[in-house]
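*Asks:* I have a structure I would like to understand better, so I am pasting it below and will then ask my questions one at a time.
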Amino acid sequence: MTRGPAVPPRGDGDASVTAALLLPYRLRAVRIGIVAQVVVVVGLIAFLLAPGGAHWNVRAYVWAALVGLAGIVVIGYLPWRRLFETGWAEPVLYVWSAADIALVAILVAVTGGAASPVWGVFVLTSIFFAASYPPQAQLVLHVATIAAYLGALVVTDTLVLDRMLLVRLMVLSVATYMSSFLARELMRQMAAHDVVHRTSQRRAEQIERIAEVARDIHHLDTGVVLTLLVEAAGDLGYEAAGVARIDDGQITIVESTGLPEDIRGGSFPLIGSAFEQLPTATRGAVLEVDPTRALGSAGFATLIATPIHVGGEVTAVLGVAGRHAPSEADRLTVQPLELLAEIAGRALEHVYAIQQERDAVERLELLDGLKSDFISNASHELRTPTTVVYGLLHTLVTRDAELDPETRRQIMQRLLTASETLKNTVTTLIDFARIESGQLTPRPVPVDVVTIVAGVTANLTEVLADHAVSVDVAGDLSVDADPILLDRALENLLTNAARYTPPGTAVRIRAREHGDEVHVTVADDGPGVPPEEQPHLIDRFFRGGDPNTRTTRGLGLGLAFVSDVVTAHGGRLDVASVPGAGSSFTLVLPRRQPVPSTSGDRLFEASGDGAPPA
C-alpha cells in the first residue's frame, strides 16, 4: 500500500528548517499518503474485477484489501497535529509503513508471486518513503521492502534469480535513490525559501518598528528620545540594548534595558574598551565580547555597536548585546541599528537646537532685565552725585560771603567726593562702551606683578582703610600685559572686596607662579555669594542680592570688565565663594617667557666667517 510518514529528510542545509515549516509539511505528507492509499485500494479492487485473475487466491486478496481499507479509516481519524506536537506521530508512522510493506507482500504472494504485477506497488511505497523519511529510515525501509518481496517469492516457491528479478530490484533501488535525491533538493529549496521568508519578514518588522520610532521620536525631551531608541533597539531580538554617552575619554551608559544592575549606568574608560574606535567610525560593527570584561562576565557574547552623530561628532553609541556567538544574522542587524542611530542623532540635534533657542531666549530676557536694572542704576549713580555737585555749587555761588572757612572746606570735600563718584561712574560707562564695541585690545608690555600690585593698593588706601590688607606676592613674577587694563582689573577686584565686605574684615592679595601661569588672587572674609548667583557673577549688568534691600551702589559691570580684560590677555578669571566664609577672585595670566639671548648670534655675524672671533 502506498504510504509515507511525514518526516522530511535531514540532508545538507535541512537543519535550518524551522518547526513552523516542518509541521505543515508533515501534515500534508499524511494527507497525501492517505489519498494515495485510497487510490491504490480502489485500483486493487478494480484489478481484481479485471479479466485474467481467476487463478489468484481471491479470498486472501479481498481480506488484504479490506485490511488496507480499514487502515485508511483508522489513519484518517487520528489527531495528527496533536501526535506531531507530542512526539507520538513518528512511531505511529513507522508502524503504518511496516504494515503497508507487509500488505503489499501478501498481495504479491496471493497474486502469483514472481509473476504478480502487484510488485509495482512496492515502487510507489519506495518513492514515497524516500520523499518523506530521513536517509537512515529510507535505507531501513528499502531493505525491509526488498526482504518482504523476496519473502513473498519464497513463500510462493517462485524465487528465481533471473534477469527479471534483478531488473525489478534495480528499479526499486533506483526509484528510491532518485526520489531521495529529489526530496533532499526540495527540502533545501524549502529551507532556503524559509530563510528568505523569515529574513524578509524580520526586515519588514524592523522597518515598521523604525518607522514607528521615526514618527514618535521627535520629542523635546532627551530622556524620552533615548528611551524610545533603546526600546526600538531591544525589539530587534537581542537580550539587551542601551545607549552610552562618550565624554572626556569616558563612556557612560545612560539608558538601557536587559543589562545587569551592576553594569547599568556604569562608566568606564573609552581607551582599551570595545568602543575605542567608534569616535572616528561612520558605520556600526559586530564585536565579539571579551569574557573577562564586565559585559562578558554577565554572560553576553555578541555586541553590535553603532555611533550616534550629533552635530558632526560622535557623542554617543547605540548598541545591542546577545548571549550567542556573532553570526550572519547579527551583521544584518547593523543596518537597522545605523538607521536608528541616524534618526536618533537628528532627533537629538533637534532637541539641542530647541534647547539652545530656549536658552538664548532666556538669556535675552535676562539681559533685557539686567539692562533695565543697569539703566536704572546708572541713572541713579549719575543723578545723585550730579544733584550734590549742583546743590553745593549753587550754595557757593549764592552764599559765598556768608560761609566761614570750615564750612567752605567741608563743601569742597563733599564736592570732591561727588566728583570722584561721577568719575568712577563715567569710567565704568566708558569701559562698558569699549567692551560693547570690541575695542578692548590690550597693548602688552613686560609688567612686574609686585610693582603693579603695590601701585593699586597705594591708590586705594582710602577705599581699603577699613580693612586689614595683606599682600603676599612672590618675587620675580612677570607677565606680558597691558598695565593700564591690568591696573583697572585689580582695582575693580579690590574695590569690590572693600565694598561688599564688613569693615574690619581682611582683604588678602596673593600672587604665585603655577607652571606657565601666574595666579593673582584677591580674597576676602565677607558674606560670600549664594551658589545660585555664582554662575552669573561675571555676567554684564548682574548684581546679586535683593534689589529692595541692596545697600551698595554699582552698575554690575566690574567683574564682567575684569573677565573680558583677562580673556583678552589669553587668561581667565576663576571665582570661588563659600556663603558665610568669603570669596576669592583669581586672575590667571600666562607667565612671561624669558627672551633668549641673541648676543651670541650677533658675535657670530660680526666675525664674518660664521665662527666666534679668536
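Going by the C-alpha cells order, chains are called A, B, ..., each with residues numbered from 1, while ligands are numbered from 1 in the order shown.
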Please return, as an MDAnalysis selection string, all residues of segment 316-361 of chain A that DSSP assigns to helix (DSSP H, G or I) on the basis of the backbone.
*Replies:* chainID A and resid 328:361
*Asks:* Quick one: residues within 10 Å of Val92 of chain A, only C-alpha atoms, excluding same-chain residues fewer than 2 positions away - as a PyMOL selection string?
*Replies:* chain A and resi 5+75+78+80+83+87-90+94-97
*Asks:* I'd like the neighbourhood of Leu393 of chain A as a PyMOL selection string, where a residue qualifies if any of its atoms comes within 9 Å (using only C-alpha atoms), though same-chain residues fewer than 4 positions away should be ignored.
*Replies:* chain A and resi 388-389+397-398+411+415
*Asks:* Write a file of the selected residues as a PDB file, in the first residue's frame, keeping N, CA, C and O atoms.
*Replies:*
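Final file, again08.pdb:
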ATOM      1  N   VAL A 388      24.192 116.503  44.019  1.00  0.00           N
ATOM      2  CA  VAL A 388      25.037 117.009  45.105  1.00  0.00           C
ATOM      3  C   VAL A 388      25.946 118.124  44.596  1.00  0.00           C
ATOM      4  O   VAL A 388      26.080 119.195  45.219  1.00  0.00           O
ATOM      5  N   VAL A 389      26.594 117.886  43.447  1.00  0.00           N
ATOM      6  CA  VAL A 389      27.503 118.899  42.890  1.00  0.00           C
ATOM      7  C   VAL A 389      26.743 120.188  42.595  1.00  0.00           C
ATOM      8  O   VAL A 389      27.189 121.298  42.929  1.00  0.00           O
ATOM      9  N   VAL A 397      27.936 129.771  45.084  1.00  0.00           N
ATOM     10  CA  VAL A 397      27.720 130.955  44.252  1.00  0.00           C
ATOM     11  C   VAL A 397      26.805 131.963  44.955  1.00  0.00           C
ATOM     12  O   VAL A 397      27.054 133.179  44.937  1.00  0.00           O
ATOM     13  N   THR A 398      25.750 131.467  45.554  1.00  0.00           N
ATOM     14  CA  THR A 398      24.739 132.396  46.116  1.00  0.00           C
ATOM     15  C   THR A 398      25.043 132.825  47.536  1.00  0.00           C
ATOM     16  O   THR A 398      24.578 133.885  47.984  1.00  0.00           O
ATOM     17  N   ILE A 411      32.304 121.880  52.208  1.00  0.00           N
ATOM     18  CA  ILE A 411      31.622 121.851  50.911  1.00  0.00           C
ATOM     19  C   ILE A 411      32.580 121.370  49.813  1.00  0.00           C
ATOM     20  O   ILE A 411      32.217 120.555  48.954  1.00  0.00           O
ATOM     21  N   LEU A 415      32.214 118.140  47.455  1.00  0.00           N
ATOM     22  CA  LEU A 415      32.304 118.261  46.004  1.00  0.00           C
ATOM     23  C   LEU A 415      33.330 117.275  45.429  1.00  0.00           C
ATOM     24  O   LEU A 415      33.113 116.648  44.370  1.00  0.00           O
TER      25      LEU A 415
END
*Asks:* For Thr125 of chain A, find every residue with an atom within 10 Å (counting only C-alpha atoms), except residues of its own chain fewer than 2 positions away, and show them as a PyMOL selection string.
*Replies:* chain A and resi 1-4+33+36-37+97+100-101+104+120-123+127-131+141-142+145+172+175-176
*Asks:* Go ahead and save the residues from that selection, with C-alpha atoms, as a PDB file, in the first residue's frame.
*Replies:*
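Now in again.pdb:
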ATOM      1  CA  MET A   1       0.000   0.000   0.000  1.00  0.00           C
ATOM      2  CA  THR A   2       1.393   3.479  -0.844  1.00  0.00           C
ATOM      3  CA  ARG A   3       2.166   5.270   2.416  1.00  0.00           C
ATOM      4  CA  GLY A   4       4.841   7.644   3.758  1.00  0.00           C
ATOM      5  CA  GLY A  33      -0.346   9.301   1.974  1.00  0.00           C
ATOM      6  CA  ALA A  36      -2.525   7.675  -2.281  1.00  0.00           C
ATOM      7  CA  GLN A  37      -3.572   4.634  -0.221  1.00  0.00           C
ATOM      8  CA  SER A  97       4.742   1.973   6.882  1.00  0.00           C
ATOM      9  CA  ASP A 100       1.963  -1.230   4.206  1.00  0.00           C
ATOM     10  CA  ILE A 101       5.070  -3.249   3.250  1.00  0.00           C
ATOM     11  CA  VAL A 104       1.885  -5.395  -0.378  1.00  0.00           C
ATOM     12  CA  GLY A 120       4.887  -2.394  -8.819  1.00  0.00           C
ATOM     13  CA  VAL A 121       3.117  -1.089  -5.693  1.00  0.00           C
ATOM     14  CA  PHE A 122       6.473  -1.540  -3.952  1.00  0.00           C
ATOM     15  CA  VAL A 123       7.857   1.101  -6.335  1.00  0.00           C
ATOM     16  CA  ILE A 127       9.202   6.546  -3.790  1.00  0.00           C
ATOM     17  CA  PHE A 128       7.067   7.888  -1.003  1.00  0.00           C
ATOM     18  CA  PHE A 129       9.353   6.581   1.738  1.00  0.00           C
ATOM     19  CA  ALA A 130      12.325   8.243   0.044  1.00  0.00           C
ATOM     20  CA  ALA A 131      10.425  11.501  -0.222  1.00  0.00           C
ATOM     21  CA  LEU A 141      12.525   0.715   4.806  1.00  0.00           C
ATOM     22  CA  HIS A 142      14.179  -0.048   1.440  1.00  0.00           C
ATOM     23  CA  THR A 145      10.767  -3.742   1.167  1.00  0.00           C
ATOM     24  CA  LEU A 172      13.174  -0.379  -6.664  1.00  0.00           C
ATOM     25  CA  ALA A 175      13.418   4.773  -7.683  1.00  0.00           C
ATOM     26  CA  THR A 176      14.367   5.023  -4.030  1.00  0.00           C
TER      27      THR A 176
END
*Asks:* To one decimal in Å, tell me the separation between atom CA of Val286 of chain A and atom CA of Leu337 of chain A.
*Replies:*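 Atom CA of Val286 of chain A sits 11.1 Å away from atom CA of Leu337 of chain A.
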*Asks:* Would you mind telling me which residue in A:Leu422, A:Leu186, A:Leu236, A:Ala241 lies nearest to Asp330 of chain A when using only C-alpha atoms?
*Replies:*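 Among the listed residues, the smallest separation from Asp330 of chain A belongs to A:Leu236.
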*Asks:* Please provide the set of residues having any atom within 10 Å of Val41 of chain A, restricted to only C-alpha atoms, with same-chain residues fewer than 2 positions apart removed, written as JSON, numbers by chain.
*Replies:* {"A": [1, 2, 36, 37, 38, 39, 43, 44, 45, 46, 47, 64, 65, 66, 67, 68, 69, 72]}
*Asks:* So, counting only C-alpha atoms, which residue among A:Leu161, A:Ala192, A:Ala347, A:Val35 is closest to Gly223 of chain A?
*Replies:*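 The answer is A:Ala347, which sits nearest to Gly223 of chain A.
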*Asks:* Have a look at A:Ala105, A:Ile253, A:Ala232, A:Gly242 and name the one nearest to Ala147 of chain A; count only C-alpha atoms.
*Replies:*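 Checking each candidate against Ala147 of chain A, we get A:Ala105 as the closest.
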*Asks:* Excluding Val518 of chain A and its own-chain neighbours fewer than 2 positions away, which residues fall within 6 Å of it when counting only C-alpha atoms? Please give them as JSON, numbers by chain.
*Replies:* {"A": [512, 513, 514, 588, 589, 591]}
*Asks:* From the set A:Ala298, A:Ala458, A:Ala401, A:Val254, which residue has the shortest atom-to-atom contact distance to Leu229 of chain A, counting only C-alpha atoms?
*Replies:*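 Comparing A:Ala298, A:Ala458, A:Ala401, A:Val254 against Leu229 of chain A, the winner is A:Val254.
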*Asks:* Between A:Pro502, A:Pro326, A:Gly345, A:Gly234, which residue has the minimum interatomic distance to Gly312 of chain A, considering only C-alpha atoms?
*Replies:*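 Closest to Gly312 of chain A of all the choices is A:Gly345.
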*Asks:* What is the atom CA of Ser180 of chain A to atom CA of Ala98 of chain A distance in Å?
*Replies:* 18.6 Å
